[in-house]
Amino acid sequence: MLTPPTTAKKPTERLQHGDVYIDEYEWLRDKDDPAVLAHLHEENAYTNARTEHLSLLREQIFEEIKGRTRETDLSVPVREGDWWYYTRTVEGKQYGIHCRAPIASPDDWEPPALDDAAQVAGLPGEQILLDDNVEAEGHDFYALGSFDVSADGTRLLYAVDTEGDERYTVRVRSLTADGEFADEIEGTGTGALFDQSGAFIFYTTVDDAWRPDTVWRHRVGDGADIDDVQVFHEPDERFWIGVGLTRSRRFLVIEAGSNVTSEAWLLRSDDPTGEFTVVWPRTEGVEYDLEHAVVNGHDRLLIVHNENAVNFELVSVSAEDPQGPRKTILAHNPTVRIEGVDAFRDFVALEYRREGLTRVAVACIPEDGGSQDDTLHELHFDEELFTVGVGGNPEWTQPSLRLGYGSFVTPSSVYDYDVRTRELTLRKQQPVLGEFDPALFAQKREWATAADGTRIPISLVYRTDLVTPGEPAPLVLYGYGSYEASMDPSFGIPRLSLLDRGVVFAIAHVRGGGEMGRLWYENGKKLHKKNTFTDFVDSARHLIDEGWTSPDRLVAQGGSAGGLLMGAIANLAPKYFAGVLAEVPFVDPLTSILDPSLPLTVIEWDEWGDPLHDSDVYAYMKSYSPLENVHETHYPRILAVTSLNDTRVLYVEPAKWVAKLRDVAGADALLKIEMAAGHGGVSGRYSAWRERAFSLAWMLDVIGAHPTGE
């Protein structure tokens, strides 16, 4: 019988607020220690040996994902300036190829037809801007960050990360002649772009805690040895910063934001070396986002904010005097969460949530005081569950709105909505090769009831010929529940490998997420965080009580902050789950949030509370920390997946958790660690499919659903 690696105990004492905690596995934090690396390799070897019996199933699932995916494909072109921009994939290649093709005329707004010839060879007149496959050669990991073309179409900047630590190197390439500029900017954050003239690059760098904290200006052509100009620095460690350009290209924008507060500064783009000026000075607890619009020839800022409006409202202010009079466009509505606004020359689009679902509404910008079509009208869709959002829309003067749409049963779709005619045109739907009949699948909304009476939405999808409601079936229950992030119903080809084996897939929309509005988030954070965990348990209990599944056929899945959820529910209610898949799991939150030197820690205090300075927060977090609450019980089978170079949730957290689960409870816990990857896992689509096949096969093994449904 295989035995797990022995994890040495080297006690470390933590003293905080009079409380002493002995951490026996903190030594695993030093990834430069050969003993740590050796231990991680032992863990991988053990996991590989324990799951060797699933190798054929993994290969079958990988082939299913691959066989359903059109490997040589082309995205719907997006017009910007005089070009159609798109990305192609080629069978056998891991990464995309970024291309463009010329428009036919200034009035050409109809995307080129995506026939078979285009899929294989690209569009007529194609110019390859960047081939990620070439850039990735010689690297175990590759990720493309910033990607921007100058307004005149002559220069490209792109940023790459070859470690997985989310630190990028920016390079500049001429698009009018072969070769690159000598410009190379190392150690940047995720944001870099050209100014309107293309003569300057604005970019961010990060501090020692991986926080984007400084904006710089670089003159193109200065190479790598010229000192760039510091434009802005944010000293408050709770705030991240970013830099961008409005769609109209009239303003450069710097935005700073914590989890609860934001601030923005503007600079007219025709004066790139000028001084940025603040829009609204930051007020603790007030968040806002802005868009530039032109109304009756005047520059206006459309601002979505939550000052005395918990679900946000939309106002308009003068761009010249943004702190002056405000005109309310959409007043606060307690049942509607306004999420964003997009402004164009002739219309605006509003994104919001109602009844747990995303919505989009459009209005024309009135001319000469208004017209009959200047009121918002919502786009309607027929499905019970769906996700819709504004997609890539870079052109200020475009006559239509690009949308993304999908559901559990409808593959991801790209639409163009003609604002004047109100016609919705399908440009492309994600192809699903092989035998796929949407009519075989059903999606449904259930509602669980929490102990405090709160109704928790649950979204489900299953095959109607393999699952009979009321008769327990194998079920995967996914959850997240943090940062106001919403886990909306969407289509996924890998998920078909579960559904075709008679598995029900469900999402518990627990508090801490944003599905039901801002208060849904507020009631699942800081000293209300346990609502996230109990909501998930109540959702599992509801699905069991209603006959959808049974405890021996139920697997829980979550990643990152959702991995914290997985660790918490494993301690809280292990009897309801046969297995727990925790991906890059945040399972040692108290240790991390107590250390301001770690990446993201201070920023996270607005989400979790500040246990370093507040004894009540410390005690509350300690009471739910997955690592610190491992106890003697019968745990479900556990698989923790992580990455060595993850800067968001350090690998040491699941490594310590798995060791303690085995030591204290004798749990059947596995650790799988990618040695050349970051928070998002491995790079390259084929590698990602294999990793997904590994996790899916493990879950199917736990719930005993190996055979196909055919």
# chains A, B, ... in the order shown; residues from 1 in each chain; ligands from 1
$ select_by_dssp --residues "region 367-433 of chain A" --states "strand (DSSP E)" --output "list in words"
His377, Glu378, Thr387, Val388, Gly389, Val390, Ser400, Leu401, Arg402, Leu403, Gly404, Tyr405, Gly406, Ser413, Val414, Tyr415, Asp416, Tyr417, Asp418, Glu423, Leu424, Thr425, Leu426, Arg427, Lys428 and Gln429 of chain A
$ closest_residue --among "A:Thr633, A:Ser490, A:Gln557, A:Gln398" --to "Pro106 (chain A)" --atoms "only C-alpha atoms"
A:Gln398
$ closest_atom_pairs --of "region 552-631 of chain A" --to "region 450-474 of chain A" --cutoff "9 Å" --atoms "only C-alpha atoms" --output "tab-separated table"
residue	atom	partner	partner_atom	distance
A:Asp552	CA	A:Pro474	CA	8.3
A:Arg553	CA	A:Pro474	CA	4.6
A:Leu554	CA	A:Pro474	CA	5.9
A:Val555	CA	A:Pro474	CA	8.2
$ write_last_selection --atoms "all heavy atoms" --output "compact mmCIF listing (two decimals), in the first residue's frame"
# COMPACT_ATOMS: atom_id res chain seq x y z
N ASP A 552 -22.57 10.56 -0.58
CA ASP A 552 -21.51 9.72 -1.14
C ASP A 552 -21.30 9.97 -2.63
O ASP A 552 -20.41 9.38 -3.25
CB ASP A 552 -21.83 8.24 -0.91
CG ASP A 552 -23.11 7.80 -1.59
OD1 ASP A 552 -24.02 8.65 -1.78
OD2 ASP A 552 -23.23 6.62 -1.94
N ARG A 553 -22.11 10.88 -3.20
CA ARG A 553 -22.00 11.18 -4.64
C ARG A 553 -21.83 12.67 -4.89
O ARG A 553 -22.09 13.15 -6.00
CB ARG A 553 -23.23 10.65 -5.38
CG ARG A 553 -23.57 9.21 -5.06
CD ARG A 553 -24.62 8.65 -6.00
NE ARG A 553 -24.02 8.28 -7.27
CZ ARG A 553 -24.71 7.85 -8.34
NH1 ARG A 553 -26.03 7.77 -8.26
NH2 ARG A 553 -24.11 7.54 -9.45
N LEU A 554 -21.38 13.39 -3.88
CA LEU A 554 -21.27 14.85 -3.98
C LEU A 554 -19.82 15.29 -3.78
O LEU A 554 -19.19 14.97 -2.77
CB LEU A 554 -22.17 15.49 -2.91
CG LEU A 554 -22.12 17.01 -2.75
CD1 LEU A 554 -22.43 17.73 -4.06
CD2 LEU A 554 -23.08 17.47 -1.65
N VAL A 555 -19.31 16.04 -4.75
CA VAL A 555 -17.97 16.62 -4.68
C VAL A 555 -18.11 18.13 -4.66
O VAL A 555 -18.88 18.72 -5.44
CB VAL A 555 -17.10 16.20 -5.88
CG1 VAL A 555 -15.83 17.03 -5.94
CG2 VAL A 555 -16.72 14.73 -5.76
$ closest_residue --among "A:Asp131, A:Asp416, A:Asp140, A:Glu52" --to "Cys99 (chain A)" --atoms "only C-alpha atoms"
A:Asp131
$ decode --residues "region 30-181 of chain A" --atoms "C-alpha atoms" --output "compact mmCIF listing (two decimals), in the first residue's frame"
# COMPACT_ATOMS: atom_id res chain seq x y z
CA ASP A 30 11.19 28.64 1.76
CA LYS A 31 11.00 27.42 -1.82
CA ASP A 32 14.74 28.02 -2.26
CA ASP A 33 15.44 25.36 0.35
CA PRO A 34 16.43 22.10 -1.37
CA ALA A 35 14.60 20.17 1.35
CA VAL A 36 11.35 22.01 0.51
CA LEU A 37 11.70 21.32 -3.21
CA ALA A 38 12.51 17.70 -2.52
CA HIS A 39 9.37 17.41 -0.39
CA LEU A 40 7.19 18.96 -3.09
CA HIS A 41 8.58 16.53 -5.66
CA GLU A 42 7.77 13.69 -3.26
CA GLU A 43 4.22 14.97 -3.00
CA ASN A 44 3.88 15.01 -6.77
CA ALA A 45 5.27 11.51 -7.05
CA TYR A 46 2.83 10.25 -4.41
CA THR A 47 -0.12 11.93 -6.13
CA ASN A 48 0.92 10.49 -9.49
CA ALA A 49 1.18 7.01 -7.99
CA ARG A 50 -2.17 7.29 -6.19
CA THR A 51 -3.92 8.40 -9.37
CA GLU A 52 -2.14 6.12 -11.84
CA HIS A 53 -5.30 4.00 -12.12
CA LEU A 54 -7.01 7.04 -13.65
CA SER A 55 -4.50 7.50 -16.48
CA LEU A 56 -6.74 5.96 -19.13
CA LEU A 57 -9.72 7.99 -17.94
CA ARG A 58 -7.61 11.16 -18.00
CA GLU A 59 -6.51 10.43 -21.53
CA GLN A 60 -10.09 9.75 -22.58
CA ILE A 61 -11.26 13.06 -21.10
CA PHE A 62 -8.38 14.94 -22.71
CA GLU A 63 -9.33 13.46 -26.09
CA GLU A 64 -12.97 14.40 -25.47
CA ILE A 65 -12.03 18.03 -24.78
CA LYS A 66 -9.69 18.10 -27.75
CA GLY A 67 -12.20 16.35 -30.02
CA ARG A 68 -14.97 18.81 -29.19
CA THR A 69 -12.77 21.87 -29.74
CA ARG A 70 -12.13 23.42 -33.12
CA GLU A 71 -8.38 23.60 -32.83
CA THR A 72 -7.89 25.77 -35.91
CA ASP A 73 -10.15 28.69 -35.24
CA LEU A 74 -10.48 32.45 -35.51
CA SER A 75 -12.11 34.98 -33.19
CA VAL A 76 -14.71 37.45 -34.44
CA PRO A 77 -12.71 40.41 -35.80
CA VAL A 78 -12.98 43.70 -33.92
CA ARG A 79 -12.50 46.94 -35.80
CA GLU A 80 -10.10 49.53 -34.45
CA GLY A 81 -8.94 52.34 -36.70
CA ASP A 82 -8.23 51.09 -40.21
CA TRP A 83 -7.93 47.42 -39.24
CA TRP A 84 -9.84 44.35 -38.18
CA TYR A 85 -8.06 42.72 -35.24
CA TYR A 86 -8.45 39.05 -34.34
CA THR A 87 -6.67 36.02 -32.88
CA ARG A 88 -6.18 32.70 -34.61
CA THR A 89 -5.39 29.28 -33.22
CA VAL A 90 -3.77 26.48 -35.21
CA GLU A 91 -4.16 22.77 -34.62
CA GLY A 92 -1.20 21.41 -32.68
CA LYS A 93 -0.04 24.78 -31.36
CA GLN A 94 -0.42 25.76 -27.71
CA TYR A 95 -0.97 29.50 -28.10
CA GLY A 96 -2.80 32.07 -30.16
CA ILE A 97 -1.57 34.14 -33.11
CA HIS A 98 -2.57 37.81 -32.99
CA CYS A 99 -3.35 39.29 -36.38
CA ARG A 100 -5.02 42.10 -38.27
CA ALA A 101 -6.42 42.70 -41.75
CA PRO A 102 -7.32 46.02 -43.44
CA ILE A 103 -10.86 47.37 -43.53
CA ALA A 104 -12.43 47.84 -46.97
CA SER A 105 -13.43 51.47 -46.41
CA PRO A 106 -14.11 53.98 -43.62
CA ASP A 107 -17.76 52.85 -43.63
CA ASP A 108 -16.84 49.17 -43.30
CA TRP A 109 -18.39 48.03 -40.02
CA GLU A 110 -19.42 44.53 -41.12
CA PRO A 111 -16.98 41.93 -39.73
CA PRO A 112 -15.47 39.71 -42.43
CA ALA A 113 -17.12 36.33 -42.94
CA LEU A 114 -15.49 33.54 -40.96
CA ASP A 115 -15.58 30.79 -43.60
CA ASP A 116 -13.35 27.71 -43.61
CA ALA A 117 -10.66 29.45 -45.64
CA ALA A 118 -10.45 32.25 -43.09
CA GLN A 119 -10.25 29.77 -40.22
CA VAL A 120 -7.21 28.12 -41.76
CA ALA A 121 -5.34 30.94 -43.48
CA GLY A 122 -6.65 34.10 -41.85
CA LEU A 123 -8.36 37.05 -43.53
CA PRO A 124 -7.27 38.56 -46.86
CA GLY A 125 -4.37 40.94 -46.35
CA GLU A 126 -3.53 39.43 -42.97
CA GLN A 127 -0.61 40.81 -40.99
CA ILE A 128 0.66 38.71 -38.09
CA LEU A 129 1.36 41.03 -35.17
CA LEU A 130 2.53 38.53 -32.57
CA ASP A 131 2.78 34.75 -32.58
CA ASP A 132 2.67 33.60 -28.98
CA ASN A 133 4.02 30.21 -30.03
CA VAL A 134 7.24 31.84 -31.22
CA GLU A 135 7.52 34.00 -28.10
CA ALA A 136 6.97 30.96 -25.86
CA GLU A 137 9.76 28.87 -27.40
CA GLY A 138 12.28 27.74 -24.81
CA HIS A 139 10.02 28.58 -21.85
CA ASP A 140 8.11 26.17 -19.61
CA PHE A 141 5.59 28.93 -18.90
CA TYR A 142 4.34 31.79 -21.06
CA ALA A 143 1.65 34.41 -20.53
CA LEU A 144 0.86 37.48 -22.58
CA GLY A 145 -0.03 40.54 -20.53
CA SER A 146 -0.46 43.98 -22.08
CA PHE A 147 -1.06 44.11 -25.83
CA ASP A 148 -1.65 47.47 -27.49
CA VAL A 149 -1.33 49.00 -30.95
CA SER A 150 -0.69 52.72 -31.36
CA ALA A 151 -3.59 54.82 -32.64
CA ASP A 152 -1.93 55.25 -36.04
CA GLY A 153 -1.44 51.49 -36.31
CA THR A 154 2.34 51.64 -36.72
CA ARG A 155 3.60 50.31 -33.39
CA LEU A 156 2.87 47.35 -31.14
CA LEU A 157 3.70 46.95 -27.47
CA TYR A 158 3.38 43.63 -25.74
CA ALA A 159 4.32 42.29 -22.31
CA VAL A 160 5.26 38.70 -21.45
CA ASP A 161 5.68 36.70 -18.26
CA THR A 162 7.77 33.52 -18.54
CA GLU A 163 7.80 32.58 -14.85
CA GLY A 164 4.18 32.74 -13.70
CA ASP A 165 4.90 35.42 -11.10
CA GLU A 166 2.94 38.14 -12.96
CA ARG A 167 5.94 40.37 -13.52
CA TYR A 168 6.15 41.31 -17.17
CA THR A 169 8.71 42.56 -19.67
CA VAL A 170 7.35 45.15 -22.12
CA ARG A 171 8.74 45.27 -25.66
CA VAL A 172 7.92 47.48 -28.65
CA ARG A 173 7.72 46.35 -32.25
CA SER A 174 7.42 48.34 -35.48
CA LEU A 175 4.47 47.30 -37.62
CA THR A 176 5.70 49.15 -40.71
CA ALA A 177 9.07 47.39 -40.96
CA ASP A 178 10.68 44.23 -39.65
CA GLY A 179 12.31 44.26 -36.26
CA GLU A 180 11.78 45.68 -32.81
CA PHE A 181 12.74 48.87 -31.06
